[in-house]
Every structure is written in structure tokens, then in C-alpha cells.
file input-v9.cif (mmCIF, C-alpha atoms and all ligand atoms)
data_structure
#
loop_
_atom_site.label_atom_id
_atom_site.label_comp_id
_atom_site.auth_asym_id
_atom_site.auth_seq_id
_atom_site.Cartn_x
_atom_site.Cartn_y
_atom_site.Cartn_z
CA MET A 1 -76.08 98.82 25.45
CA GLN A 2 -74.62 97.09 28.49
CA TYR A 3 -73.75 100.24 30.40
CA PRO A 4 -73.31 103.96 29.59
CA PHE A 5 -69.74 103.59 28.33
CA THR A 6 -68.00 106.62 26.87
CA GLU A 7 -67.19 106.94 23.15
CA GLU A 8 -63.52 106.45 23.98
CA GLN A 9 -64.20 103.27 25.95
CA LEU A 10 -66.29 101.84 23.12
CA ALA A 11 -63.58 102.71 20.58
CA LEU A 12 -60.93 100.86 22.64
CA ALA A 13 -63.26 97.88 23.02
CA GLN A 14 -63.75 97.84 19.24
CA LEU A 15 -59.99 98.00 18.70
CA THR A 16 -59.62 95.02 21.06
CA LYS A 17 -62.38 93.11 19.29
CA ASP A 18 -60.91 93.72 15.83
CA PHE A 19 -57.47 92.55 17.01
CA MET A 20 -58.87 89.45 18.69
CA GLU A 21 -61.00 88.51 15.66
CA ARG A 22 -58.30 89.21 13.09
CA GLU A 23 -55.16 87.92 14.81
CA VAL A 24 -56.09 85.72 17.76
CA ARG A 25 -59.13 83.72 16.67
CA PRO A 26 -57.34 82.03 13.73
CA ALA A 27 -54.27 81.14 15.84
CA ALA A 28 -55.68 80.25 19.25
CA ALA A 29 -56.84 76.64 18.86
CA GLU A 30 -53.48 75.53 17.48
CA LEU A 31 -51.52 77.27 20.25
CA ASP A 32 -53.85 75.78 22.88
CA ARG A 33 -53.14 72.26 21.59
CA LYS A 34 -49.33 72.49 21.75
CA ALA A 35 -48.02 69.64 23.91
CA ASP A 36 -45.24 71.67 25.54
CA PRO A 37 -46.83 74.49 27.62
CA ARG A 38 -43.90 76.76 26.71
CA ASP A 39 -45.05 76.68 23.10
CA CYS A 40 -48.54 77.91 24.06
CA TYR A 41 -47.38 81.43 25.00
CA PRO A 42 -48.63 83.81 22.26
CA ALA A 43 -45.44 85.88 21.91
CA ALA A 44 -46.13 86.99 18.31
CA LEU A 45 -49.68 88.04 19.22
CA ILE A 46 -48.49 90.11 22.20
CA ARG A 47 -46.05 91.88 19.89
CA LYS A 48 -48.88 92.69 17.47
CA ALA A 49 -51.05 93.92 20.35
CA SER A 50 -48.16 96.17 21.42
CA ALA A 51 -48.15 97.85 18.02
CA LEU A 52 -51.83 98.75 18.57
CA GLY A 53 -51.20 100.15 22.04
CA LEU A 54 -53.17 97.38 23.74
CA ARG A 55 -50.31 96.13 25.94
CA THR A 56 -49.78 99.61 27.39
CA LEU A 57 -53.46 100.45 27.81
CA ALA A 58 -53.11 101.05 31.55
CA VAL A 59 -49.90 103.10 31.40
CA PRO A 60 -50.68 106.77 32.25
CA GLU A 61 -50.80 109.05 29.21
CA GLU A 62 -47.82 111.11 30.37
CA TYR A 63 -45.71 107.92 30.25
CA GLY A 64 -46.90 106.90 26.78
CA GLY A 65 -50.00 104.77 27.40
CA SER A 66 -53.77 105.28 27.32
CA GLY A 67 -54.31 105.71 31.09
CA ALA A 68 -57.24 103.28 31.05
CA SER A 69 -59.58 103.25 34.05
CA THR A 70 -60.81 100.07 35.74
CA MET A 71 -64.01 100.32 33.66
CA THR A 72 -62.06 100.59 30.39
CA LYS A 73 -59.70 97.73 31.21
CA THR A 74 -62.62 95.53 32.25
CA LEU A 75 -64.59 96.35 29.10
CA CYS A 76 -61.60 95.48 26.88
CA LEU A 77 -60.89 92.27 28.79
CA TRP A 78 -64.56 91.23 28.66
CA THR A 79 -64.72 92.01 24.93
CA GLY A 80 -61.57 90.03 24.14
CA GLY A 81 -62.39 87.13 26.45
CA GLN A 82 -65.44 86.29 24.38
CA ILE A 83 -63.02 85.40 21.59
CA GLU A 84 -60.02 83.90 23.43
CA ILE A 85 -59.24 84.26 27.11
CA GLY A 86 -55.53 83.35 27.29
CA THR A 87 -54.19 86.07 25.01
CA ILE A 88 -56.38 88.83 26.41
CA LYS A 89 -55.45 87.71 29.94
CA CYS A 90 -51.76 88.14 29.04
CA LEU A 91 -52.63 91.73 28.09
CA SER A 92 -54.72 92.18 31.23
CA GLN A 93 -51.69 91.00 33.22
CA CYS A 94 -49.73 93.82 31.56
CA TRP A 95 -52.44 96.27 32.63
CA LYS A 96 -52.25 94.95 36.21
CA VAL A 97 -48.46 95.15 36.29
CA ALA A 98 -48.58 98.69 34.86
CA SER A 99 -51.09 99.71 37.53
CA VAL A 100 -48.81 98.40 40.28
CA LEU A 101 -45.82 100.15 38.78
CA PHE A 102 -47.46 103.51 38.20
CA LYS A 103 -49.50 103.56 41.42
CA MET A 104 -46.99 102.14 43.89
CA ALA A 105 -43.52 102.88 42.50
CA ASN A 106 -41.53 106.10 43.00
CA GLU A 107 -40.60 108.52 40.19
CA ASP A 108 -37.19 106.97 39.59
CA GLN A 109 -38.73 103.48 39.30
CA LYS A 110 -41.49 104.75 37.03
CA ASN A 111 -38.95 106.36 34.75
CA ARG A 112 -36.59 103.39 34.55
CA TRP A 113 -39.04 100.45 34.52
CA GLY A 114 -41.93 102.35 32.96
CA LYS A 115 -39.78 103.49 30.03
CA ALA A 116 -38.61 99.91 29.37
CA PHE A 117 -42.19 98.67 29.68
CA VAL A 118 -43.49 101.13 27.10
CA GLU A 119 -40.63 100.85 24.60
CA ASP A 120 -40.13 97.09 24.48
CA PRO A 121 -42.99 95.38 22.55
CA ASP A 122 -42.20 92.06 24.23
CA PHE A 123 -42.19 93.47 27.76
CA VAL A 124 -44.49 91.59 30.12
CA GLY A 125 -44.31 91.47 33.90
CA ALA A 126 -45.10 88.83 36.52
CA ILE A 127 -46.32 89.01 40.11
CA LEU A 128 -44.48 86.50 42.30
CA MET A 129 -46.38 85.85 45.49
CA THR A 130 -47.41 82.16 45.60
CA GLU A 131 -44.83 79.64 46.87
CA PRO A 132 -44.86 75.82 46.99
CA ASP A 133 -45.84 75.79 50.67
CA HIS A 134 -47.73 79.09 50.86
CA GLY A 135 -50.68 79.88 48.57
CA SER A 136 -53.82 80.87 50.48
CA ASP A 137 -51.57 81.74 53.43
CA ASN A 138 -50.71 84.95 51.57
CA ILE A 139 -54.33 85.88 50.98
CA LEU A 140 -55.91 85.25 54.35
CA ARG A 141 -54.72 87.51 57.18
CA GLN A 142 -52.60 85.24 59.40
CA THR A 143 -52.09 85.23 63.16
CA ASP A 144 -48.89 83.16 63.17
CA PRO A 145 -45.64 84.67 61.76
CA LYS A 146 -44.56 81.20 60.58
CA THR A 147 -47.32 81.14 57.95
CA GLY A 148 -47.09 82.94 54.60
CA ILE A 149 -44.27 83.83 52.22
CA ARG A 150 -40.93 82.18 53.09
CA MET A 151 -38.77 83.82 50.42
CA THR A 152 -36.35 86.08 52.26
CA ALA A 153 -34.78 89.43 51.41
CA VAL A 154 -31.84 90.25 53.67
CA ARG A 155 -30.21 93.70 53.68
CA ASP A 156 -26.55 93.87 52.62
CA GLY A 157 -25.42 97.52 52.41
CA GLU A 158 -27.21 99.16 49.47
CA TYR A 159 -28.51 95.78 48.31
CA TRP A 160 -31.02 93.14 49.33
CA VAL A 161 -30.20 89.44 48.88
CA LEU A 162 -33.19 87.34 47.83
CA ASN A 163 -33.48 83.57 48.36
CA GLY A 164 -36.42 81.22 47.92
CA ALA A 165 -38.82 79.58 45.49
CA LYS A 166 -42.05 80.71 43.81
CA ARG A 167 -44.56 78.74 41.74
CA PHE A 168 -47.78 79.06 39.72
CA ASN A 169 -46.88 82.66 38.75
CA SER A 170 -48.38 83.90 35.49
CA LEU A 171 -45.97 84.70 32.63
CA SER A 172 -42.94 84.46 34.93
CA SER A 173 -40.79 82.66 32.33
CA TRP A 174 -41.25 85.50 29.81
CA ALA A 175 -41.32 88.44 32.23
CA ARG A 176 -38.80 91.23 31.81
CA MET A 177 -39.84 92.46 35.26
CA LEU A 178 -40.64 90.28 38.28
CA ILE A 179 -42.65 91.93 41.06
CA VAL A 180 -41.36 89.83 43.95
CA PHE A 181 -42.90 89.55 47.42
CA ALA A 182 -40.24 88.58 50.00
CA ARG A 183 -40.09 88.48 53.79
CA THR A 184 -37.95 91.26 55.21
CA ASP A 185 -39.06 90.48 58.78
CA PRO A 186 -39.70 86.71 59.15
CA GLY A 187 -40.57 87.26 62.81
CA ALA A 188 -43.56 89.49 61.97
CA LEU A 189 -46.92 88.46 60.51
CA VAL A 190 -46.76 88.02 56.74
CA HIS A 191 -48.69 91.21 56.01
CA LYS A 192 -46.46 93.20 58.37
CA GLY A 193 -43.07 91.75 57.43
CA THR A 194 -43.09 91.54 53.63
CA SER A 195 -41.55 93.92 51.09
CA VAL A 196 -41.83 94.16 47.31
CA PHE A 197 -38.91 94.26 44.86
CA LEU A 198 -38.62 94.83 41.12
CA VAL A 199 -36.23 92.25 39.67
CA PRO A 200 -35.17 91.74 36.03
CA GLY A 201 -36.41 88.38 34.77
CA ASP A 202 -32.85 87.48 33.76
CA ALA A 203 -31.08 88.76 36.89
CA LYS A 204 -28.06 86.78 38.08
CA GLY A 205 -29.27 84.00 40.39
CA VAL A 206 -32.82 83.90 39.00
CA MET A 207 -33.65 80.48 37.55
CA HIS A 208 -36.89 79.66 35.82
CA GLY A 209 -38.07 76.09 36.42
CA GLN A 210 -40.91 74.25 34.78
CA VAL A 211 -43.77 75.93 32.97
CA HIS A 212 -46.79 74.19 34.50
CA ASP A 213 -48.74 72.00 32.10
CA LYS A 214 -52.27 73.02 32.95
CA LEU A 215 -55.88 72.28 31.96
CA GLY A 216 -57.00 75.62 30.53
CA TYR A 217 -55.74 79.21 30.01
CA ARG A 218 -52.92 77.48 28.17
CA LEU A 219 -52.05 80.67 26.25
CA TYR A 220 -51.49 82.30 29.64
CA PRO A 221 -48.78 80.05 31.12
CA ASN A 222 -47.59 79.84 34.71
CA GLY A 223 -44.15 78.89 35.97
CA GLU A 224 -41.74 78.26 38.80
CA THR A 225 -38.90 80.64 39.69
CA PHE A 226 -35.98 80.03 42.02
CA PHE A 227 -33.86 82.75 43.65
CA ASP A 228 -30.30 81.95 44.65
CA ASN A 229 -28.61 84.92 46.33
CA VAL A 230 -30.16 87.40 43.89
CA ARG A 231 -28.83 90.87 44.64
CA VAL A 232 -31.37 93.68 44.23
CA HIS A 233 -30.45 97.32 44.75
CA ASP A 234 -32.50 99.18 47.34
CA ARG A 235 -33.67 101.60 44.64
CA ASP A 236 -35.75 98.68 43.29
CA ARG A 237 -37.69 98.23 46.50
CA VAL A 238 -41.31 99.36 46.02
CA GLY A 239 -42.79 101.25 48.97
CA PRO A 240 -41.61 101.17 52.58
CA VAL A 241 -39.82 98.15 54.07
CA ASN A 242 -42.28 95.58 55.53
CA GLU A 243 -45.28 97.29 53.89
CA GLY A 244 -45.41 95.17 50.73
CA PHE A 245 -48.99 94.17 51.39
CA ALA A 246 -50.07 97.70 50.48
CA THR A 247 -49.03 96.66 46.95
CA GLN A 248 -51.04 93.46 47.27
CA ALA A 249 -54.06 95.52 48.35
CA ALA A 250 -53.58 97.80 45.33
CA ILE A 251 -53.65 94.74 43.04
CA PHE A 252 -56.78 93.19 44.52
CA ARG A 253 -58.89 96.20 45.52
CA GLY A 254 -59.33 97.88 42.20
CA THR A 255 -60.23 94.96 40.02
CA ALA A 256 -63.10 93.27 38.24
CA GLU A 257 -60.65 91.10 36.33
CA LEU A 258 -61.97 87.69 37.38
CA PRO A 259 -65.65 88.57 36.74
CA ALA A 260 -64.63 89.85 33.29
CA CYS A 261 -62.75 86.61 32.55
CA ASN A 262 -65.64 84.44 33.73
CA THR A 263 -68.53 86.32 32.14
CA SER A 264 -66.74 86.75 28.82
CA ILE A 265 -65.98 83.03 28.48
CA CYS A 266 -69.56 82.29 29.57
CA ARG A 267 -70.84 84.60 26.82
CA GLY A 268 -68.75 82.73 24.27
CA LEU A 269 -70.13 79.45 25.59
CA TRP A 270 -73.69 80.76 25.54
CA SER A 271 -73.35 81.93 21.92
CA GLN A 272 -72.21 78.48 20.93
CA CYS A 273 -75.10 76.86 22.81
CA HIS A 274 -77.56 79.25 21.16
CA GLN A 275 -76.29 78.51 17.66
CA HIS A 276 -76.14 74.77 18.33
CA ALA A 277 -79.73 74.81 19.59
CA LYS A 278 -80.86 76.41 16.34
CA ASP A 279 -78.91 73.94 14.17
CA ARG A 280 -79.34 70.64 15.97
CA VAL A 281 -82.50 68.72 15.17
CA GLN A 282 -83.87 66.15 17.59
CA GLY A 283 -87.47 65.01 18.04
CA GLY A 284 -88.19 66.29 14.53
CA LYS A 285 -87.36 69.97 15.17
CA PRO A 286 -84.47 72.26 16.14
CA ILE A 287 -83.83 71.66 19.84
CA ILE A 288 -84.30 75.38 20.56
CA GLU A 289 -88.00 74.71 20.01
CA HIS A 290 -88.06 72.35 22.98
CA PRO A 291 -89.14 74.37 26.06
CA THR A 292 -86.53 72.69 28.28
CA VAL A 293 -83.70 73.87 26.00
CA ARG A 294 -85.11 77.41 25.71
CA HIS A 295 -85.39 77.52 29.49
CA MET A 296 -81.77 76.43 29.95
CA LEU A 297 -80.57 79.06 27.44
CA ALA A 298 -82.61 81.74 29.23
CA GLU A 299 -81.29 80.74 32.64
CA MET A 300 -77.70 80.74 31.40
CA LEU A 301 -78.10 84.21 29.88
CA MET A 302 -79.85 85.58 32.97
CA ASN A 303 -76.98 84.49 35.21
CA ILE A 304 -74.38 85.93 32.86
CA GLU A 305 -76.17 89.27 32.44
CA VAL A 306 -76.75 89.72 36.17
CA ALA A 307 -73.06 88.99 36.86
CA GLU A 308 -72.06 91.47 34.14
CA GLN A 309 -74.25 94.27 35.51
CA TYR A 310 -72.74 93.75 38.95
CA MET A 311 -69.26 93.81 37.37
CA TRP A 312 -69.89 97.24 35.80
CA ARG A 313 -71.10 98.43 39.21
CA VAL A 314 -67.86 97.22 40.81
CA CYS A 315 -65.84 99.10 38.17
CA TRP A 316 -67.80 102.27 38.75
CA GLY A 317 -67.22 101.97 42.51
CA VAL A 318 -63.48 101.42 42.11
CA ASP A 319 -63.15 104.37 39.72
CA ASN A 320 -65.50 106.86 41.43
CA ASP A 321 -66.38 106.02 45.02
CA PRO A 322 -63.79 106.72 47.73
CA SER A 323 -65.88 104.72 50.23
CA TYR A 324 -65.98 101.67 47.96
CA THR A 325 -65.42 98.47 49.94
CA THR A 326 -63.46 95.48 48.63
CA ARG A 327 -66.31 93.27 49.83
CA MET A 328 -68.00 94.15 46.53
CA THR A 329 -64.91 93.01 44.60
CA ARG A 330 -65.07 89.69 46.42
CA TYR A 331 -68.80 89.27 45.75
CA GLY A 332 -68.21 89.92 42.04
CA LYS A 333 -65.50 87.29 41.82
CA VAL A 334 -67.30 84.60 43.83
CA PHE A 335 -70.66 85.20 42.13
CA SER A 336 -69.13 85.04 38.66
CA ASP A 337 -67.38 81.76 39.61
CA GLN A 338 -70.76 80.33 40.58
CA VAL A 339 -72.25 81.58 37.31
CA ALA A 340 -69.38 79.89 35.46
CA MET A 341 -70.03 76.54 37.13
CA LYS A 342 -73.74 76.78 36.37
CA ALA A 343 -72.96 77.75 32.77
CA ILE A 344 -70.81 74.63 32.36
CA TYR A 345 -73.61 72.51 33.82
CA LEU A 346 -76.23 73.96 31.45
CA ALA A 347 -73.95 74.05 28.40
CA THR A 348 -73.02 70.38 28.73
CA ASP A 349 -76.75 69.63 28.81
CA ILE A 350 -77.66 71.80 25.78
CA LEU A 351 -74.67 70.67 23.72
CA GLY A 352 -74.93 67.02 24.69
CA GLY A 353 -71.92 64.89 23.79
CA MET A 354 -70.66 67.43 21.26
CA GLY A 355 -69.95 69.90 24.09
CA VAL A 356 -66.89 68.02 25.28
CA MET A 357 -65.49 66.92 21.91
CA LYS A 358 -62.16 68.55 21.06
CA GLU A 359 -63.56 69.59 17.68
CA SER A 360 -66.04 71.84 19.53
CA PRO A 361 -64.95 75.31 20.80
CA SER A 362 -66.92 74.67 24.01
CA GLU A 363 -64.35 72.08 25.08
CA LYS A 364 -61.66 74.78 25.47
CA MET A 365 -64.07 77.25 27.08
CA ILE A 366 -65.07 74.69 29.72
CA ARG A 367 -61.41 73.93 30.47
CA ASP A 368 -60.65 77.65 30.66
CA LEU A 369 -63.54 78.35 33.02
CA ILE A 370 -62.56 75.60 35.47
CA THR A 371 -58.89 76.60 35.49
CA PHE A 372 -59.18 80.02 37.07
CA LEU A 373 -62.05 79.66 39.57
CA HIS A 374 -59.54 79.96 42.40
CA GLY A 375 -57.88 83.06 40.85
CA ASP A 376 -57.33 85.98 43.28
CA GLY A 377 -57.85 83.44 46.09
CA THR A 378 -60.30 80.57 46.44
CA ASP A 379 -63.98 81.38 46.80
CA SER A 380 -64.07 80.02 50.34
CA LEU A 381 -61.32 82.41 51.40
CA ASN A 382 -62.89 85.34 49.56
CA MET A 383 -66.14 84.72 51.41
CA LEU A 384 -64.21 84.47 54.67
CA ARG A 385 -62.57 87.85 53.92
CA ALA A 386 -65.94 89.32 52.93
CA ALA A 387 -67.44 88.07 56.18
CA MET A 388 -64.76 89.96 58.12
CA THR A 389 -66.19 93.26 56.86
CA MET A 390 -69.90 92.43 57.23
CA ASP A 391 -70.42 95.28 59.67
CA GLN A 392 -69.24 97.94 57.20
CA PRO A 393 -71.92 99.51 55.00
CA VAL A 394 -71.60 99.08 51.20
C1 LIG B 401 -54.02 80.31 36.18
C2 LIG B 401 -53.35 80.70 37.45
C3 LIG B 401 -52.74 81.95 37.57
C4 LIG B 401 -52.06 82.29 38.73
N1 LIG B 401 -51.36 83.45 38.77
C5 LIG B 401 -50.59 83.75 39.84
C6 LIG B 401 -49.72 84.88 39.83
O1 LIG B 401 -49.61 85.59 38.83
N2 LIG B 401 -49.00 85.14 40.94
C7 LIG B 401 -49.06 84.36 42.05
O2 LIG B 401 -48.38 84.68 43.02
N3 LIG B 401 -49.86 83.27 42.10
C8 LIG B 401 -50.62 82.93 41.01
N4 LIG B 401 -51.41 81.81 41.01
C9 LIG B 401 -51.50 81.01 42.21
C10 LIG B 401 -52.82 81.23 42.95
O3 LIG B 401 -52.87 82.53 43.47
C11 LIG B 401 -52.92 80.16 44.07
O4 LIG B 401 -53.08 78.92 43.44
C12 LIG B 401 -54.06 80.47 45.02
O5 LIG B 401 -53.74 81.57 45.82
C13 LIG B 401 -54.40 79.27 45.91
O6 LIG B 401 -53.26 78.78 46.54
P1 LIG B 401 -52.94 77.21 46.50
O7 LIG B 401 -53.07 76.75 45.10
O8 LIG B 401 -51.65 77.00 47.19
O9 LIG B 401 -54.15 76.52 47.32
P2 LIG B 401 -54.13 76.19 48.87
O10 LIG B 401 -53.67 77.35 49.65
O11 LIG B 401 -53.40 74.90 49.07
O12 LIG B 401 -55.69 75.98 49.20
C14 LIG B 401 -56.34 74.69 49.19
C15 LIG B 401 -57.66 74.76 49.96
O13 LIG B 401 -57.43 75.05 51.33
C16 LIG B 401 -58.24 76.16 51.73
N5 LIG B 401 -57.51 76.91 52.77
C17 LIG B 401 -56.21 77.26 52.75
N6 LIG B 401 -55.90 77.94 53.87
C18 LIG B 401 -57.02 78.02 54.60
C19 LIG B 401 -57.33 78.60 55.87
N7 LIG B 401 -56.40 79.22 56.61
N8 LIG B 401 -58.59 78.50 56.32
C20 LIG B 401 -59.55 77.86 55.58
N9 LIG B 401 -59.30 77.28 54.40
C21 LIG B 401 -58.05 77.37 53.91
C22 LIG B 401 -58.42 76.96 50.46
O14 LIG B 401 -59.57 77.81 50.52
C23 LIG B 401 -58.62 75.83 49.45
O15 LIG B 401 -59.95 75.35 49.54
C24 LIG B 401 -52.06 81.42 39.85
C25 LIG B 401 -52.69 80.17 39.74
C26 LIG B 401 -53.28 79.79 38.55
C27 LIG B 401 -53.82 78.39 38.40
#
call {"tool": "encode", "arguments": {"input": "input-v9.cif", "output": "C-alpha cells", "more": "lines below"}}
Ligand SMILES: Cc1cc2nc3c(=O)[nH]c(=O)nc-3n(C[C@H](O)[C@H](O)[C@H](O)COP(=O)(O)OP(=O)(O)OC[C@H]3O[C@@H](n4cnc5c(N)ncnc54)[C@H](O)[C@@H]3O)c2cc1C
result
Amino acid sequence: MQYPFTEEQLALAQLTKDFMEREVRPAAAELDRKADPRDCYPAALIRKASALGLRTLAVPEEYGGSGASTMTKTLCLWTGGQIEIGTIKCLSQCWKVASVLFKMANEDQKNRWGKAFVEDPDFVGAILMTEPDHGSDNILRQTDPKTGIRMTAVRDGEYWVLNGAKRFNSLSSWARMLIVFARTDPGALVHKGTSVFLVPGDAKGVMHGQVHDKLGYRLYPNGETFFDNVRVHDRDRVGPVNEGFATQAAIFRGTAELPACNTSICRGLWSQCHQHAKDRVQGGKPIIEHPTVRHMLAEMLMNIEVAEQYMWRVCWGVDNDPSYTTRMTRYGKVFSDQVAMKAIYLATDILGGMGVMKESPSEKMIRDLITFLHGDGTDSLNMLRAAMTMDQPV
């Protein structure tokens, strides 16, 4: 046992595992290899996951979901990520979007958007923060109002008019709902002059540009979106004007998403290394019998298991401890990134040349691991943010 999970949590993890084994494992490699990144999106798999209730896992029970806690979501993500990270990350994105909607939105928004979210099996959402000229600027607290989000939202009677460009946003080209961060006071600092809007993915004036052709997480595509005088009714503004960063805080505080992604892929990689070491004969015996190889396998597993135990601790803190500090979230993300890099280093040693051959599952896992190390902000910025709270007790 990894952690004292409840019967219900273990049942949901088993449901996730069965779905991933049955539906995703046979389809993933082919989707990953599609030349056009648009063709990599696992639309049919998301629809099947919807039928099992996996897409709506984080929707509160009274709105038709399972009301999953941070611990439950993390356990399901970690379970699925050992089989294929892109598809389960699409579902995890749905859990994140649902959490934003049901924690930050008002009753009217929950009823309108939440109902559509639950009823439409193809409904996914996207979070649009990053822009061509402003990535980390939106994560680090700034001291100059000219830095950070440039997309504007200007009031026009009952409406807001949105203009600007976003990029790198996950699932944006397929999203029924865009959670858009826009400057409502360009003269204020970014975290004091930004508001959040819910915008239909096909709203008039919304144009989806390229889907980025990226190294890994190819089943979890990212895109560009352009806004040309997009009119959004004030009833689709989330939270008070200029306080959109409360929504950003809600997304990043309560999460162990990145550690779950990293440790689950690492576990998949470790399993492959372990099997390979038993099968591959060099020096007249299976290489697992060479002390150097056993040592590398042990070190890889130690790093993964320590990162996992810390991840469960983060989940417990988010779910149960009102004094929980986000510094722990940042540690979990940065530490699991470092574990991922070390796992790649050790795996490419244990697997030798076979590790990077396209016929080997490790090749995709290594690409996937590298692709999202900067997710939820680069490690250097996360450490900088952690350092800002060093005087607070954990
Ligand atoms: C798979 C994937 C999924 C993503 N999903 C989303 C999404 O759903 N929504 C979304 O909005 N975005 C998303 N992003 C974008 C992601 O959040 C950004 O890429 C990330 O915030 C980093 O921004 P950047 O790429 O512009 O890097 P940059 O900001 O250009 O950073 C480059 C380097 O400069 C350093 N740096 C920058 N500013 C400072 C500073 N002030 N002080 C010290 N060092 C600094 C950084 O630490 C880094 O080392 C995604 C990206 C990927 C690849």
C-alpha cells in the first residue's frame, strides 16, 4: 500500500486503470506518432472516459459528478499516467477546469456552464493565461505594470470586449469553455489588474491558430488563440473585477498534478528498465545480476518512491490542513522534476541504445517527461516563489 487510501479512492483508481489498460494502451502509440498534432488529440477516448464518469470526477456530487478530493484526483492521475500520460492529462485538465468552475464561479455560472460540462461528453475546457510575450511574467509577482498579460478586456455597457493573443494553452482548440485571463486595468500590476472570463470556444471573434507540434504529451495538445473584439457578457466574469489572480491561486495552490505526472511516467519507465534488465543478457548473464545495474534500478526506485510519498503528503495538506502553505506544492513539483531528470539519466544507462529507439516504449516516456518540466512555471521561478515564503512555518 502506498498510502491509507479509502475504499472509494481505490475503486476509482481501479476504474481509471481498467479504462487506461483496455482503451488507451492499444491506441496511444499510434496517436502519438501522427504527423499533424491535431490528429493526436484522443477525442474518442475522452468520450469513452465520459461514459465512465472519469471526465466529471471533480464535479461536485450535487451537480452530477463524483466530487473527487485532491487526493483522489492525484491517485487517479498517477494510476493512469503509468499507462499513458497524454490522455489522463486531458482528463486531469477537466478536473482542474471543474475545480475552477465550481470553486470560483457564482451559482448562475455553475448552473449554466456546469450543466453543459456534465451533459456534453466532448466538453473540455482550457485555461488561457500564457501569451507570446508573457509566460513567466504571469507566474512571478511583478513590480512593473507593463509586465504580464497584455490581452485586454474593456467594459462596454453590460459587455466586456476582449482583444489579444494567447499561446501554448492546453486543449484550447477543442475547448467548449475558455477560461480567459485578461487585463481590466493595464495601469495596475498584473496580479491586481486582471480579471477572468468564461468564453465559449466558438464565440464570435475567437480564432484558433496553430496547434503546436511538440516533443511529448502529444495526446495533450496545446494551441494558439486570437481574440478580435470578442464580446463577453458581464455575467460570464468570474469573481470581482481585477481580482482574477485569486482564480490563478485556486488553480495552483491545491494541486499535486505535476508530481503525479512525473512520478507516474517515471514508474512506467522504471518498470520497463526492470523488465529489460531481467531479459537482456550481457557478460554471460541477465544484466540485472550486475551490481551496477541493480544499484541504478534501486536508486531510480528510491527517488520515485520518495517523491510519491511527498506527493501524498501534499494532497493530504491541501485537503485537510487550513494552514497548508503553497511552498510544499512548489517543493513537490520541483523535486519530482529533478527525479524525472535523474530517471531519464539512469534509464538511458540501463536500457542502453534500445532506450531511445522508437520501437521502445521508453522513447515516448522520455519525451513526455522532458516536455512538461516547466509546467506550472519553471523550476527556477518556483524556487524563487518558495524562497519568498521561507520565513513561514510549514
Ligand atoms: C505542455 C504544456 C502545457 C501548457 N499548458 C498551459 C495552459 O493550459 N495554459 C497556459 O496559460 N499556459 C500553458 N502552458 C505554458 C506554460 O505555462 C509556459 O510555457 C510557462 O509558464 C513558461 O513560460 P514561457 O514558456 O514563456 O517561458 P519564459 O517566461 O520565456 O521563461 C524562460 C526562462 O526565463 C526565466 N525567467 C523568466 N522571467 C524571469 C524573471 N523575472 N526572473 C528570473 N528568471 C525569469 C524562466 O525561469 C526560464 O528559465 C503550457 C506549456 C506546455 C509546454
call {"tool": "residues_around", "arguments": {"input": "input-v9.cif", "residues": "Thr263 in chain A", "least_positions_apart": "4", "cutoff": "9 Å", "atoms": "all atoms listed in the file", "output": "PyMOL selection string"}}
result
chain A and resi 78+81-82+258-259+267-268+304-305+307-308+336-337+339-340
call {"tool": "residues_near_ligand", "arguments": {"input": "input-v9.cif", "ligand": "ligand LIG 401 (chain B)", "cutoff": "9 Å", "atoms": "all atoms listed in the file", "output": "ChimeraX atom specification"}}
result
/A:93,126-142,166-172,180-181,214,216-218,220-223,371-382,384
call {"tool": "closest_residue", "arguments": {"input": "input-v9.cif", "among": "A:Arg235, A:Arg155, A:Lys89, A:Arg280", "to": "Asp108 in chain A", "atoms": "all atoms listed in the file"}}
result
A:Arg235
call {"tool": "closest_atom_pairs", "arguments": {"input": "input-v9.cif", "of": "range 140-229 of chain A", "to": "range 115-124 of chain A", "cutoff": "8 Å", "atoms": "all atoms listed in the file", "output": "tab-separated table"}}
result
residue	atom	partner	partner_atom	distance
A:Leu171	CA	A:Val124	CA	7.5
A:Trp174	CA	A:Val124	CA	6.9
A:Ala175	CA	A:Val124	CA	4.9
A:Arg176	CA	A:Phe123	CA	5.7
A:Met177	CA	A:Val124	CA	7.0
call {"tool": "atom_distance", "arguments": {"input": "input-v9.cif", "atom1": "CA of Leu346 in chain A", "atom2": "CA of Lys358 in chain A"}}
result
18.3 Å
call {"tool": "closest_residue", "arguments": {"input": "input-v9.cif", "among": "A:Cys266, A:Leu101, A:Val356, A:Ala165", "to": "Thr247 in chain A", "atoms": "only C-alpha atoms"}}
result
A:Leu101
call {"tool": "residues_around", "arguments": {"input": "input-v9.cif", "residues": "Gly209 in chain A", "least_positions_apart": "4", "cutoff": "8 Å", "atoms": "only C-alpha atoms", "output": "ChimeraX atom specification"}}
result
/A:223-226
call {"tool": "residues_around", "arguments": {"input": "input-v9.cif", "residues": "Leu15 in chain A", "least_positions_apart": "3", "cutoff": "9 Å", "atoms": "all atoms listed in the file", "output": "VMD selection string"}}
result
chain A and resid 10 to 12 18 to 20 52 54 76
call {"tool": "residues_near_point", "arguments": {"input": "input-v9.cif", "point": "(-29.8, 94.6, 52.9)", "cutoff": "10 Å", "atoms": "all atoms listed in the file", "output": "number ranges by chain"}}
result
A: 153-162, 184, 231-234
call {"tool": "residues_around", "arguments": {"input": "input-v9.cif", "residues": "range 28-35 of chain A", "least_positions_apart": "4", "cutoff": "7 Å", "atoms": "all atoms listed in the file", "output": "list in words"}}
result
Val24, Asp39, Cys40, Arg218 and Leu219 of chain A
call {"tool": "atom_distance", "arguments": {"input": "input-v9.cif", "atom1": "CA of Thr70 in chain A", "atom2": "CA of Pro42 in chain A"}}
result
24.4 Å
call {"tool": "decode", "arguments": {"input": "input-v9.cif", "residues": "range 359-369 of chain A", "atoms": "N, CA and C atoms", "output": "compact mmCIF listing (two decimals), in the first residue's frame"}}
result
# COMPACT_ATOMS: atom_id res chain seq x y z
N GLU A 359 10.93 1.97 -31.36
CA GLU A 359 10.20 0.72 -31.09
C GLU A 359 10.06 0.46 -29.59
N SER A 360 10.79 1.23 -28.77
CA SER A 360 10.78 1.00 -27.32
C SER A 360 9.85 2.01 -26.63
N PRO A 361 8.96 1.55 -25.72
CA PRO A 361 8.05 2.49 -25.04
C PRO A 361 8.79 3.59 -24.27
N SER A 362 10.03 3.32 -23.87
CA SER A 362 10.79 4.33 -23.11
C SER A 362 11.00 5.60 -23.92
N GLU A 363 11.09 5.47 -25.23
CA GLU A 363 11.35 6.64 -26.07
C GLU A 363 10.26 7.70 -25.87
N LYS A 364 8.98 7.26 -25.85
CA LYS A 364 7.88 8.20 -25.62
C LYS A 364 7.90 8.74 -24.18
N MET A 365 8.18 7.84 -23.24
CA MET A 365 8.17 8.29 -21.83
C MET A 365 9.23 9.37 -21.60
N ILE A 366 10.40 9.20 -22.22
CA ILE A 366 11.47 10.20 -22.06
C ILE A 366 11.03 11.53 -22.68
N ARG A 367 10.43 11.45 -23.87
CA ARG A 367 9.94 12.70 -24.50
C ARG A 367 8.88 13.35 -23.62
N ASP A 368 7.97 12.53 -23.09
CA ASP A 368 6.90 13.07 -22.25
C ASP A 368 7.48 13.76 -21.01
N LEU A 369 8.42 13.09 -20.38
CA LEU A 369 8.99 13.66 -19.14
C LEU A 369 9.63 15.03 -19.40
